[in-house]
$ cat input.tsv   # TSV, C-alpha atoms and all ligand atoms
chain	number	residue	atom	x	y	z
A	187	MET	CA	20.83	-46.08	-12.60
A	188	LYS	CA	22.46	-48.49	-10.18
A	189	LYS	CA	24.70	-46.95	-7.55
A	190	ARG	CA	28.01	-48.68	-7.40
A	191	ILE	CA	30.72	-47.82	-4.88
A	192	LEU	CA	34.34	-48.81	-5.33
A	193	THR	CA	37.43	-48.31	-3.25
A	194	GLY	CA	40.90	-49.82	-2.89
A	195	ILE	CA	43.77	-49.88	-0.47
A	196	THR	CA	47.38	-49.99	-1.63
A	197	THR	CA	49.05	-53.11	-0.27
A	198	THR	CA	52.10	-51.75	1.47
A	199	GLY	CA	52.70	-52.29	5.17
A	200	THR	CA	50.33	-53.58	7.79
A	201	PRO	CA	46.82	-52.20	8.17
A	202	HIS	CA	46.47	-49.42	10.72
A	203	ILE	CA	43.78	-47.40	12.45
A	204	GLY	CA	44.01	-44.79	9.69
A	205	ASN	CA	43.04	-47.40	7.06
A	206	TYR	CA	40.29	-48.62	9.34
A	207	LEU	CA	38.72	-45.22	10.04
A	208	GLY	CA	39.55	-43.70	6.69
A	209	ALA	CA	38.61	-46.53	4.35
A	210	ILE	CA	37.49	-49.87	5.74
A	211	ARG	CA	34.88	-48.87	8.34
A	212	PRO	CA	33.13	-46.20	6.22
A	213	ALA	CA	33.23	-48.38	3.10
A	214	ILE	CA	31.66	-51.34	4.86
A	215	ASN	CA	28.98	-49.09	6.36
A	216	MET	CA	28.30	-47.55	2.98
A	217	SER	CA	28.04	-50.91	1.29
A	218	LYS	CA	24.84	-51.43	3.23
A	219	LYS	CA	23.28	-48.42	1.50
A	220	TYR	CA	24.47	-48.83	-2.07
A	221	ASP	CA	23.30	-51.30	-4.69
A	222	GLU	CA	26.73	-52.79	-5.30
A	223	SER	CA	30.16	-52.45	-3.79
A	224	PHE	CA	33.64	-53.21	-5.09
A	225	PHE	CA	36.54	-53.42	-2.65
A	226	PHE	CA	39.98	-54.35	-3.84
A	227	LEU	CA	43.62	-54.78	-2.92
A	228	ALA	CA	45.66	-52.39	-5.04
A	229	ASP	CA	48.72	-54.63	-5.37
A	230	TYR	CA	49.91	-53.20	-8.69
A	231	HIS	CA	49.90	-49.79	-7.02
A	232	SER	CA	52.07	-51.11	-4.22
A	233	ILE	CA	55.03	-52.06	-6.44
A	234	ILE	CA	55.55	-48.39	-7.25
A	235	LYS	CA	56.93	-47.78	-3.78
A	236	ASN	CA	57.95	-51.21	-2.56
A	237	LYS	CA	60.28	-53.56	-4.41
A	238	ASN	CA	60.43	-56.19	-1.67
A	239	SER	CA	58.38	-59.12	-2.93
A	240	SER	CA	57.82	-60.82	0.41
A	241	GLU	CA	56.69	-57.57	2.00
A	242	ILE	CA	54.17	-57.12	-0.80
A	243	GLN	CA	52.89	-60.66	-0.34
A	244	ASP	CA	52.55	-60.24	3.44
A	245	SER	CA	50.80	-56.95	3.04
A	246	VAL	CA	48.26	-58.33	0.57
A	247	LYS	CA	47.42	-61.00	3.10
A	248	SER	CA	47.11	-58.71	6.09
A	249	ILE	CA	45.08	-56.10	4.26
A	250	ALA	CA	42.75	-58.79	2.91
A	251	LEU	CA	42.39	-60.10	6.46
A	252	ALA	CA	41.67	-56.60	7.73
A	253	TRP	CA	38.70	-56.22	5.37
A	254	LEU	CA	37.40	-59.66	6.23
A	255	SER	CA	37.85	-59.28	9.98
A	256	CYS	CA	36.11	-55.92	9.94
A	257	GLY	CA	32.96	-57.55	8.64
A	258	LEU	CA	33.08	-57.22	4.87
A	259	ASP	CA	30.24	-59.26	3.40
A	260	VAL	CA	31.90	-61.12	0.54
A	261	LYS	CA	28.64	-62.51	-0.73
A	262	LYS	CA	27.11	-59.11	-1.20
A	263	SER	CA	30.21	-57.34	-2.51
A	264	TYR	CA	33.00	-57.80	-5.01
A	265	PHE	CA	36.29	-58.36	-3.20
A	266	TYR	CA	39.39	-58.98	-5.33
A	267	ARG	CA	43.03	-58.32	-6.02
A	268	GLN	CA	43.73	-55.75	-8.69
A	269	SER	CA	46.34	-58.03	-10.28
A	270	ASP	CA	43.74	-60.77	-10.76
A	271	VAL	CA	41.82	-58.53	-13.15
A	272	PRO	CA	44.24	-57.92	-16.05
A	273	GLU	CA	41.59	-55.90	-17.90
A	274	ILE	CA	42.41	-53.08	-15.46
A	275	ILE	CA	45.96	-52.98	-16.76
A	276	GLU	CA	44.73	-53.13	-20.34
A	277	LEU	CA	42.47	-50.15	-19.73
A	278	SER	CA	45.30	-48.37	-17.99
A	279	TRP	CA	47.34	-48.45	-21.21
A	280	ILE	CA	44.41	-47.23	-23.29
A	281	LEU	CA	43.93	-44.36	-20.86
A	282	ASN	CA	47.66	-43.60	-20.96
A	283	CYS	CA	47.21	-42.91	-24.65
A	284	ILE	CA	44.58	-40.22	-24.13
A	285	THR	CA	45.87	-38.60	-20.95
A	286	ALA	CA	47.78	-35.36	-21.32
A	287	LYS	CA	51.23	-35.47	-19.79
A	288	GLY	CA	50.53	-31.98	-18.49
A	289	LEU	CA	47.70	-33.35	-16.37
A	290	MET	CA	50.07	-35.82	-14.71
A	291	ASN	CA	52.69	-33.09	-14.18
A	292	ARG	CA	50.23	-31.49	-11.77
A	293	ALA	CA	49.76	-34.54	-9.52
A	294	HIS	CA	50.59	-33.73	-5.88
A	295	ALA	CA	52.51	-36.95	-5.20
A	296	TYR	CA	54.66	-36.51	-8.29
A	297	LYS	CA	55.27	-32.82	-7.58
A	298	ALA	CA	56.23	-33.60	-3.99
A	299	ALA	CA	58.77	-36.15	-5.24
A	300	VAL	CA	60.25	-33.59	-7.65
A	301	ASP	CA	60.35	-30.93	-4.93
A	302	SER	CA	62.24	-33.21	-2.57
A	303	ASN	CA	64.98	-33.67	-5.19
A	304	ASP	CA	68.07	-31.49	-5.29
A	305	LYS	CA	69.65	-30.96	-8.68
A	306	ASP	CA	68.09	-33.70	-10.75
A	307	ASP	CA	64.29	-33.32	-10.80
A	308	ASP	CA	63.84	-36.87	-12.07
A	309	LYS	CA	65.92	-38.64	-9.45
A	310	GLY	CA	64.17	-41.70	-8.08
A	311	ILE	CA	61.00	-41.04	-10.08
A	312	THR	CA	59.65	-43.97	-12.07
A	313	MET	CA	57.05	-43.92	-14.80
A	314	GLY	CA	54.89	-45.90	-12.38
A	315	LEU	CA	54.89	-43.04	-9.89
A	316	PHE	CA	54.26	-40.56	-12.68
A	317	SER	CA	51.31	-42.41	-14.14
A	318	TYR	CA	49.85	-43.66	-10.84
A	319	PRO	CA	46.66	-41.59	-11.30
A	320	ILE	CA	46.00	-43.31	-14.64
A	321	LEU	CA	46.09	-46.78	-13.10
A	322	MET	CA	43.75	-45.50	-10.41
A	323	ALA	CA	41.40	-44.14	-13.09
A	324	ALA	CA	41.40	-47.56	-14.76
A	325	ASP	CA	40.55	-49.25	-11.41
A	326	ILE	CA	37.51	-47.03	-11.14
A	327	LEU	CA	36.33	-46.72	-14.74
A	328	ILE	CA	36.51	-50.40	-15.71
A	329	PHE	CA	33.66	-51.18	-13.29
A	330	ASP	CA	31.37	-48.24	-14.11
A	331	SER	CA	31.74	-47.06	-10.52
A	332	THR	CA	29.36	-44.25	-9.68
A	333	HIS	CA	30.75	-43.33	-6.24
A	334	VAL	CA	34.25	-43.59	-4.84
A	335	PRO	CA	34.73	-43.22	-1.08
A	336	VAL	CA	38.25	-41.95	-0.37
A	337	GLY	CA	40.20	-39.82	2.05
A	338	SER	CA	40.74	-36.15	1.25
A	339	ASP	CA	44.30	-36.88	0.11
A	340	GLN	CA	42.78	-38.63	-2.90
A	341	ILE	CA	40.56	-35.77	-4.10
A	342	GLN	CA	42.96	-34.78	-6.84
A	343	HIS	CA	43.18	-38.35	-8.12
A	344	LEU	CA	39.41	-38.45	-8.40
A	345	GLU	CA	39.39	-35.17	-10.31
A	346	MET	CA	41.94	-36.64	-12.69
A	347	THR	CA	39.81	-39.75	-13.12
A	348	ARG	CA	36.86	-37.56	-14.04
A	349	ASP	CA	39.00	-35.59	-16.50
A	350	ILE	CA	40.28	-38.75	-18.11
A	351	ALA	CA	36.79	-40.26	-18.39
A	352	ASN	CA	35.44	-37.08	-19.97
A	353	ARG	CA	38.28	-36.99	-22.42
A	354	PHE	CA	37.73	-40.60	-23.45
A	355	ASN	CA	34.01	-39.95	-23.85
A	356	HIS	CA	34.73	-36.87	-25.95
A	357	ILE	CA	37.25	-38.55	-28.26
A	358	TYR	CA	35.33	-41.79	-28.72
A	359	LYS	CA	31.86	-42.38	-27.33
A	360	PRO	CA	30.26	-41.67	-23.95
A	361	LEU	CA	31.08	-45.11	-22.65
A	362	LEU	CA	32.72	-44.30	-19.33
A	363	ILE	CA	30.79	-43.30	-16.22
A	364	VAL	CA	32.17	-40.13	-14.63
A	365	PRO	CA	32.33	-41.03	-10.92
A	366	GLU	CA	31.60	-38.89	-7.86
A	367	PRO	CA	34.02	-38.88	-4.94
A	368	ILE	CA	32.68	-39.33	-1.42
A	369	ILE	CA	35.07	-37.69	1.01
A	370	HIS	CA	34.49	-39.05	4.49
A	371	ASP	CA	37.24	-37.32	6.46
A	372	LYS	CA	36.46	-33.77	5.35
A	373	ASP	CA	36.84	-32.25	8.78
A	374	ASN	CA	38.68	-34.96	10.62
A	375	THR	CA	41.99	-36.24	9.28
A	376	ILE	CA	43.18	-39.10	11.41
A	377	PRO	CA	46.34	-38.17	13.27
A	378	GLY	CA	49.15	-40.60	13.99
A	379	LEU	CA	51.28	-40.86	17.13
A	380	ASP	CA	53.11	-37.61	16.37
A	381	GLY	CA	49.99	-35.64	15.43
A	382	LYS	CA	50.73	-35.67	11.69
A	383	LYS	CA	48.35	-37.58	9.41
A	384	MET	CA	48.56	-41.29	10.24
A	385	SER	CA	50.54	-42.90	7.44
A	386	LYS	CA	52.94	-45.76	6.97
A	387	SER	CA	55.32	-43.35	5.27
A	388	TYR	CA	55.58	-41.26	8.45
A	389	GLY	CA	56.09	-44.28	10.71
A	390	ASN	CA	53.45	-42.98	13.12
A	391	ILE	CA	50.76	-45.63	12.88
A	392	ILE	CA	48.62	-47.40	15.44
A	393	PRO	CA	48.23	-50.99	14.21
A	394	LEU	CA	44.80	-52.47	13.61
A	395	LEU	CA	45.35	-56.18	14.07
A	396	GLU	CA	48.01	-56.43	16.76
A	397	ASN	CA	47.29	-57.89	20.21
A	398	GLU	CA	46.00	-55.85	23.11
A	399	LYS	CA	49.40	-55.35	24.66
A	400	LYS	CA	50.90	-53.90	21.50
A	401	LEU	CA	47.88	-51.71	20.90
A	402	ARG	CA	48.20	-50.31	24.41
A	403	LYS	CA	51.92	-49.74	24.04
A	404	SER	CA	51.37	-47.90	20.82
A	405	ILE	CA	48.66	-45.64	22.26
A	406	MET	CA	50.88	-44.80	25.24
A	407	LYS	CA	53.42	-43.44	22.73
A	408	ILE	CA	51.11	-40.67	21.51
A	409	VAL	CA	52.98	-37.39	21.76
A	410	THR	CA	51.42	-34.75	24.05
A	411	ASN	CA	52.61	-31.50	25.55
A	412	SER	CA	54.19	-31.55	29.00
A	413	LEU	CA	51.31	-30.16	31.08
A	414	GLU	CA	51.23	-31.83	34.50
A	415	PRO	CA	48.21	-33.62	35.98
A	416	GLY	CA	45.90	-31.11	37.65
A	417	ILE	CA	46.49	-28.46	34.97
A	418	ALA	CA	43.60	-27.85	32.56
A	419	LYS	CA	44.22	-29.05	29.02
A	420	ASP	CA	42.95	-27.97	25.62
A	421	PHE	CA	41.24	-30.64	23.57
A	422	ASN	CA	41.58	-28.70	20.34
A	423	ASP	CA	44.62	-29.87	18.45
A	424	CYS	CA	45.06	-32.86	20.74
A	425	THR	CA	45.84	-36.23	19.14
A	426	ILE	CA	44.25	-38.25	21.93
A	427	TYR	CA	41.01	-36.32	21.73
A	428	SER	CA	40.99	-36.32	17.97
A	429	LEU	CA	41.33	-40.11	17.81
A	430	TYR	CA	38.75	-40.54	20.56
A	431	LYS	CA	36.30	-38.58	18.41
A	432	SER	CA	36.29	-41.37	15.83
A	433	PHE	CA	35.29	-44.00	18.38
A	434	ALA	CA	33.28	-42.35	21.14
A	435	SER	CA	29.66	-41.20	21.41
A	436	ASN	CA	28.87	-37.49	21.84
A	437	GLU	CA	28.23	-38.07	25.50
A	438	GLU	CA	31.59	-39.73	26.00
A	439	LEU	CA	33.27	-36.89	24.15
A	440	LEU	CA	31.71	-34.34	26.47
A	441	GLU	CA	32.92	-36.34	29.44
A	442	LEU	CA	36.46	-36.30	28.11
A	443	GLU	CA	36.22	-32.55	27.46
A	444	ASP	CA	35.22	-32.10	31.10
A	445	ALA	CA	38.09	-34.26	32.26
A	446	TYR	CA	40.45	-32.07	30.19
A	447	SER	CA	39.20	-28.91	31.91
A	448	ASN	CA	39.63	-30.67	35.23
A	449	GLY	CA	43.27	-31.42	34.47
A	450	ILE	CA	43.22	-35.14	33.69
A	451	ALA	CA	46.72	-36.66	33.46
A	452	TRP	CA	47.80	-37.49	29.90
A	453	SER	CA	48.38	-41.09	30.90
A	454	ASP	CA	44.77	-41.35	32.12
A	455	ALA	CA	43.44	-39.80	28.94
A	456	LYS	CA	45.45	-42.36	26.98
A	457	GLU	CA	44.01	-45.13	29.10
A	458	ILE	CA	40.48	-43.95	28.29
A	459	LEU	CA	41.36	-43.87	24.59
A	460	PHE	CA	42.93	-47.31	24.75
A	461	ASN	CA	39.86	-48.84	26.41
A	462	LYS	CA	37.55	-47.32	23.84
A	463	ILE	CA	39.58	-48.42	20.82
A	464	ASN	CA	40.26	-51.82	22.30
A	465	LYS	CA	36.56	-52.43	22.81
A	466	GLU	CA	35.79	-51.78	19.16
A	467	LEU	CA	38.78	-53.72	17.89
A	468	SER	CA	38.44	-56.81	20.12
A	469	PRO	CA	35.88	-58.63	17.96
A	470	ILE	CA	37.90	-57.73	14.86
A	471	ARG	CA	41.01	-59.17	16.43
A	472	ILE	CA	39.21	-62.38	17.35
A	473	LYS	CA	38.02	-62.81	13.78
A	474	TYR	CA	41.53	-62.07	12.52
A	475	GLU	CA	43.08	-64.71	14.79
A	476	GLU	CA	40.50	-67.17	13.49
A	477	LEU	CA	41.27	-66.54	9.83
A	478	LYS	CA	44.94	-65.76	9.75
A	479	SER	CA	46.35	-69.24	9.39
A	480	ASP	CA	43.86	-70.35	6.78
A	481	ASN	CA	45.64	-69.29	3.61
A	482	ASP	CA	43.52	-71.62	1.46
A	483	PHE	CA	40.41	-69.89	2.63
A	484	ILE	CA	41.80	-66.47	1.75
A	485	ASN	CA	43.11	-67.60	-1.63
A	486	ASP	CA	39.83	-69.28	-2.53
A	487	LEU	CA	37.91	-66.24	-1.55
A	488	LEU	CA	40.08	-63.92	-3.61
A	489	ASN	CA	39.90	-66.25	-6.61
A	490	GLU	CA	36.16	-66.33	-6.32
A	491	GLY	CA	36.07	-62.52	-6.06
A	492	ALA	CA	38.32	-62.17	-9.11
A	493	LYS	CA	36.04	-64.41	-11.16
A	494	LYS	CA	33.01	-62.31	-10.31
A	495	ALA	CA	34.79	-59.01	-10.91
A	496	ARG	CA	36.43	-60.20	-14.11
A	497	SER	CA	33.21	-61.10	-15.81
A	498	ILE	CA	32.19	-57.45	-15.52
A	499	ALA	CA	35.61	-56.14	-16.49
A	500	LYS	CA	35.78	-58.37	-19.58
A	501	ASN	CA	32.48	-57.13	-20.81
A	502	LYS	CA	33.53	-53.51	-20.32
A	503	ILE	CA	36.92	-53.89	-21.96
A	504	SER	CA	35.38	-55.47	-25.03
A	505	GLN	CA	33.08	-52.47	-25.43
A	506	ILE	CA	36.07	-50.18	-25.01
A	507	ARG	CA	38.17	-52.10	-27.53
A	508	GLU	CA	35.32	-51.88	-29.99
A	509	VAL	CA	35.06	-48.09	-29.84
A	510	ILE	CA	38.80	-47.54	-30.13
A	511	GLY	CA	39.08	-49.84	-33.16
A	512	ILE	CA	40.80	-52.83	-31.60
A	513	LYS	CA	38.44	-55.35	-33.14
A	514	GLU	CA	37.93	-57.95	-35.78
A	515	ILE	CA	38.68	-56.91	-39.34
A	516	LEU	CA	35.44	-56.72	-41.29
B	1	LIG	N1	45.37	-44.42	-4.28
B	1	LIG	C1	44.62	-44.97	-3.18
B	1	LIG	C2	45.39	-44.74	-1.87
B	1	LIG	O1	46.59	-44.63	-1.88
B	1	LIG	C3	44.38	-46.45	-3.36
B	1	LIG	C4	43.61	-46.73	-4.60
B	1	LIG	C5	44.08	-47.29	-5.74
B	1	LIG	C6	42.23	-46.42	-4.82
B	1	LIG	N2	43.10	-47.37	-6.67
B	1	LIG	C7	41.95	-46.85	-6.15
B	1	LIG	C8	41.24	-45.84	-4.05
B	1	LIG	C9	40.68	-46.68	-6.71
B	1	LIG	C10	39.97	-45.67	-4.61
B	1	LIG	C11	39.70	-46.08	-5.93
B	1	LIG	O2	44.77	-44.67	-0.83
$ encode --input "input.tsv" --output "structure tokens" --more "lines below"
Ligand code: TRP
Amino acid sequence: MKKRILTGITTTGTPHIGNYLGAIRPAINMSKKYDESFFFLADYHSIIKNKNSSEIQDSVKSIALAWLSCGLDVKKSYFYRQSDVPEIIELSWILNCITAKGLMNRAHAYKAAVDSNDKDDDKGITMGLFSYPILMAADILIFDSTHVPVGSDQIQHLEMTRDIANRFNHIYKPLLIVPEPIIHDKDNTIPGLDGKKMSKSYGNIIPLLENEKKLRKSIMKIVTNSLEPGIAKDFNDCTIYSLYKSFASNEELLELEDAYSNGIAWSDAKEILFNKINKELSPIRIKYEELKSDNDFINDLLNEGAKKARSIAKNKISQIREVIGIKEIL
């Protein structure tokens, strides 16, 4: 059987180092090994959290540019906007009708939202937030994805997708492929400026596409303890070291470990980190600057991607409609 990887990024905010290390870089590397790859902009996911239309539009553009600038090969892969493939939304409804509400009650994101409420459990919770995992299952199942590279925060969503696919297959016919997750940050979550997981919702991101000056400024804001220069430092549990790990070779890591034992100043450690990240991001930034004012190019490319993706999705949805009885009267 063909191996097909698929992954998406929700289009809220500007792309950051966490997206790069956690999704874009591993997905592009993986696409070289798999038969087919599907990468998409999850714009219908983004309206769950963000109701500002111009922010959504800007984010779609910058996240598309991030994939392209990081070297996504659009000829070899499928690259599209979720909203350009309406069959996903159609499947999402069909899956809504077979998914147990109890399964959704257990979703971490939903439970966290309920827990953060005071008296009224439902306050601020939309049906979109509640059924988010079903839309994600539709994203994956419509394309017969076999492997889904995601961060460890998405493990539960993948389990739900597998549950939903199995249930569909049990009720109707074994038509849906039950996908395998590929978790690439098992032992290395990417910390943000404050040491918590890098996330737009924590406001602790290091931007991916900003100029050198802003990148530097952001890295200098990483929170450390107050040990003076000359005092030995521990690299375990250190945000600078942990980020460096994602960019540096083993040799370079050992050098930094030595520098820590020799009492390197935090500002010097940050400088080393900045230089390393900047080196990897420079060509990406150049590509980004080249593409960013060419909206026609981006739109054409996404339209082309949607056409390619849709021809597969249409075929799948017609098989699905057939088995559930939405078909011509005979
Ligand atoms: N939920 C994912 C996230 O927040 C984004 C996403 C949406 C996704 N649909 C997907 C990832 C399908 C993988 C496969 O990061």
$ residues_near_ligand --input "input.tsv" --ligand "ligand LIG 1 (chain B)" --cutoff "6 Å" --atoms "only C-alpha atoms and all ligand atoms" --output "list in words"
Thr193, Gly194, Ile195, Thr196, Ala228, Met322, Asp325, Ile326 and Val336 of chain A
$ atom_distance --input "input.tsv" --atom1 "CA of Gly378 (chain A)" --atom2 "CA of Ile408 (chain A)"
7.8 Å
$ atom_distance --input "input.tsv" --atom1 "CA of Ile512 (chain A)" --atom2 "CA of Ser223 (chain A)"
29.8 Å
$ atom_distance --input "input.tsv" --atom1 "CA of Arg507 (chain A)" --atom2 "CA of Ile280 (chain A)"
9.0 Å
$ closest_residue --input "input.tsv" --among "A:Ile506, A:Lys462, A:Met346, A:Pro367" --to "Gly288 (chain A)" --atoms "only C-alpha atoms"
A:Met346
$ closest_residue --input "input.tsv" --among "A:Glu396, A:Asn390, A:Pro377, A:Glu241" --to "Ile472 (chain A)" --atoms "only C-alpha atoms"
A:Glu396
$ residues_around --input "input.tsv" --residues "Ile328 (chain A)" --least-positions-apart "2" --cutoff "8 Å" --atoms "all atoms listed in the file" --output "tab-separated table (two decimals) with C-alpha atoms, in the coordinates of the input"
chain	number	residue	atom	x	y	z
A	273	GLU	CA	41.59	-55.90	-17.90
A	274	ILE	CA	42.41	-53.08	-15.46
A	277	LEU	CA	42.47	-50.15	-19.73
A	324	ALA	CA	41.40	-47.56	-14.76
A	325	ASP	CA	40.55	-49.25	-11.41
A	326	ILE	CA	37.51	-47.03	-11.14
A	330	ASP	CA	31.37	-48.24	-14.11
A	331	SER	CA	31.74	-47.06	-10.52
A	499	ALA	CA	35.61	-56.14	-16.49
A	502	LYS	CA	33.53	-53.51	-20.32
A	503	ILE	CA	36.92	-53.89	-21.96
$ closest_residue --input "input.tsv" --among "A:Met384, A:Ala286, A:Ile363, A:Leu379" --to "Val334 (chain A)" --atoms "only C-alpha atoms"
A:Ile363
$ residues_around --input "input.tsv" --residues "region 483-494 of chain A" --least-positions-apart "5" --cutoff "6 Å" --atoms "all atoms listed in the file" --output "list in words"
Tyr264, Phe265, Tyr266 and Asp270 of chain A
$ residues_around --input "input.tsv" --residues "Arg471 (chain A)" --least-positions-apart "5" --cutoff "10 Å" --atoms "only C-alpha atoms" --output "ChimeraX atom specification"
/A:252,255-256,394-398,464,466,476-477
$ residues_around --input "input.tsv" --residues "Tyr318 (chain A)" --least-positions-apart "2" --cutoff "10 Å" --atoms "all atoms listed in the file" --output "PDB file with C-alpha atoms, in the frame of the given file"
ATOM      1  CA  TYR A 230      49.910 -53.200  -8.690  1.00  0.00           C
ATOM      2  CA  HIS A 231      49.900 -49.790  -7.020  1.00  0.00           C
ATOM      3  CA  ILE A 234      55.550 -48.390  -7.250  1.00  0.00           C
ATOM      4  CA  SER A 278      45.300 -48.370 -17.990  1.00  0.00           C
ATOM      5  CA  MET A 290      50.070 -35.820 -14.710  1.00  0.00           C
ATOM      6  CA  ALA A 293      49.760 -34.540  -9.520  1.00  0.00           C
ATOM      7  CA  ALA A 295      52.510 -36.950  -5.200  1.00  0.00           C
ATOM      8  CA  TYR A 296      54.660 -36.510  -8.290  1.00  0.00           C
ATOM      9  CA  THR A 312      59.650 -43.970 -12.070  1.00  0.00           C
ATOM     10  CA  MET A 313      57.050 -43.920 -14.800  1.00  0.00           C
ATOM     11  CA  GLY A 314      54.890 -45.900 -12.380  1.00  0.00           C
ATOM     12  CA  LEU A 315      54.890 -43.040  -9.890  1.00  0.00           C
ATOM     13  CA  PHE A 316      54.260 -40.560 -12.680  1.00  0.00           C
ATOM     14  CA  ILE A 320      46.000 -43.310 -14.640  1.00  0.00           C
ATOM     15  CA  LEU A 321      46.090 -46.780 -13.100  1.00  0.00           C
ATOM     16  CA  MET A 322      43.750 -45.500 -10.410  1.00  0.00           C
ATOM     17  CA  ALA A 323      41.400 -44.140 -13.090  1.00  0.00           C
ATOM     18  CA  HIS A 343      43.180 -38.350  -8.120  1.00  0.00           C
TER      19      HIS A 343
END
$ residues_near_point --input "input.tsv" --point "(30.0, -41.1, -8.6)" --cutoff "6 Å" --atoms "all atoms listed in the file" --output "compact mmCIF listing (two decimals) with C-alpha atoms, in the frame of the given file"
# COMPACT_ATOMS: atom_id res chain seq x y z
CA THR A 332 29.36 -44.25 -9.68
CA HIS A 333 30.75 -43.33 -6.24
CA PRO A 365 32.33 -41.03 -10.92
CA GLU A 366 31.60 -38.89 -7.86
CA PRO A 367 34.02 -38.88 -4.94
$ residues_around --input "input.tsv" --residues "region 441-447 of chain A" --least-positions-apart "6" --cutoff "8 Å" --atoms "only C-alpha atoms" --output "ChimeraX atom specification"
/A:417-421,427,455
$ closest_residue --input "input.tsv" --among "A:Ala299, A:Ile391, A:Leu281, A:Val246" --to "Asn205 (chain A)" --atoms "only C-alpha atoms"
A:Ile391
$ closest_residue --input "input.tsv" --among "A:Lys383, A:Arg211, A:Asp244, A:Lys189" --to "Lys478 (chain A)" --atoms "only C-alpha atoms"
A:Asp244
$ closest_residue --input "input.tsv" --among "A:Ser385, A:Lys403, A:Leu344, A:Asn282" --to "Thr198 (chain A)" --atoms "all atoms listed in the file"
A:Ser385
$ build_atoms --input "input.tsv" --residues "region 487-499 of chain A" --atoms "N, CA, C and O atoms" --output "mmCIF file, in the frame of the given file"
data_model
loop_
_atom_site.group_PDB
_atom_site.id
_atom_site.type_symbol
_atom_site.label_atom_id
_atom_site.label_comp_id
_atom_site.auth_asym_id
_atom_site.auth_seq_id
_atom_site.Cartn_x
_atom_site.Cartn_y
_atom_site.Cartn_z
ATOM 1 N N LEU A 487 38.806 -67.380 -1.564
ATOM 2 C CA LEU A 487 37.910 -66.240 -1.550
ATOM 3 C C LEU A 487 38.315 -65.175 -2.569
ATOM 4 O O LEU A 487 37.473 -64.625 -3.289
ATOM 5 N N LEU A 488 39.618 -64.922 -2.656
ATOM 6 C CA LEU A 488 40.080 -63.920 -3.610
ATOM 7 C C LEU A 488 39.905 -64.405 -5.047
ATOM 8 O O LEU A 488 39.577 -63.618 -5.946
ATOM 9 N N ASN A 489 40.100 -65.716 -5.260
ATOM 10 C CA ASN A 489 39.900 -66.250 -6.610
ATOM 11 C C ASN A 489 38.444 -66.136 -7.031
ATOM 12 O O ASN A 489 38.131 -65.783 -8.170
ATOM 13 N N GLU A 490 37.595 -66.442 -6.079
ATOM 14 C CA GLU A 490 36.160 -66.330 -6.320
ATOM 15 C C GLU A 490 35.792 -64.876 -6.652
ATOM 16 O O GLU A 490 35.068 -64.604 -7.615
ATOM 17 N N GLY A 491 36.332 -63.961 -5.855
ATOM 18 C CA GLY A 491 36.070 -62.520 -6.060
ATOM 19 C C GLY A 491 36.572 -62.073 -7.430
ATOM 20 O O GLY A 491 35.909 -61.297 -8.127
ATOM 21 N N ALA A 492 37.746 -62.568 -7.821
ATOM 22 C CA ALA A 492 38.320 -62.170 -9.110
ATOM 23 C C ALA A 492 37.432 -62.657 -10.250
ATOM 24 O O ALA A 492 37.213 -61.945 -11.229
ATOM 25 N N LYS A 493 36.907 -63.862 -10.095
ATOM 26 C CA LYS A 493 36.040 -64.410 -11.160
ATOM 27 C C LYS A 493 34.824 -63.509 -11.361
ATOM 28 O O LYS A 493 34.466 -63.154 -12.477
ATOM 29 N N LYS A 494 34.199 -63.164 -10.244
ATOM 30 C CA LYS A 494 33.010 -62.310 -10.310
ATOM 31 C C LYS A 494 33.336 -60.948 -10.929
ATOM 32 O O LYS A 494 32.628 -60.460 -11.803
ATOM 33 N N ALA A 495 34.431 -60.354 -10.444
ATOM 34 C CA ALA A 495 34.790 -59.010 -10.910
ATOM 35 C C ALA A 495 35.195 -59.058 -12.386
ATOM 36 O O ALA A 495 34.855 -58.176 -13.171
ATOM 37 N N ARG A 496 35.906 -60.123 -12.739
ATOM 38 C CA ARG A 496 36.430 -60.200 -14.110
ATOM 39 C C ARG A 496 35.329 -60.302 -15.140
ATOM 40 O O ARG A 496 35.475 -59.801 -16.262
ATOM 41 N N SER A 497 34.235 -60.952 -14.785
ATOM 42 C CA SER A 497 33.210 -61.100 -15.810
ATOM 43 C C SER A 497 32.648 -59.719 -16.175
ATOM 44 O O SER A 497 32.316 -59.457 -17.327
ATOM 45 N N ILE A 498 32.623 -58.816 -15.214
ATOM 46 C CA ILE A 498 32.190 -57.450 -15.520
ATOM 47 C C ILE A 498 33.261 -56.693 -16.295
ATOM 48 O O ILE A 498 32.982 -56.022 -17.282
ATOM 49 N N ALA A 499 34.507 -56.864 -15.850
ATOM 50 C CA ALA A 499 35.610 -56.140 -16.490
ATOM 51 C C ALA A 499 35.788 -56.576 -17.950
ATOM 52 O O ALA A 499 36.065 -55.759 -18.827
#
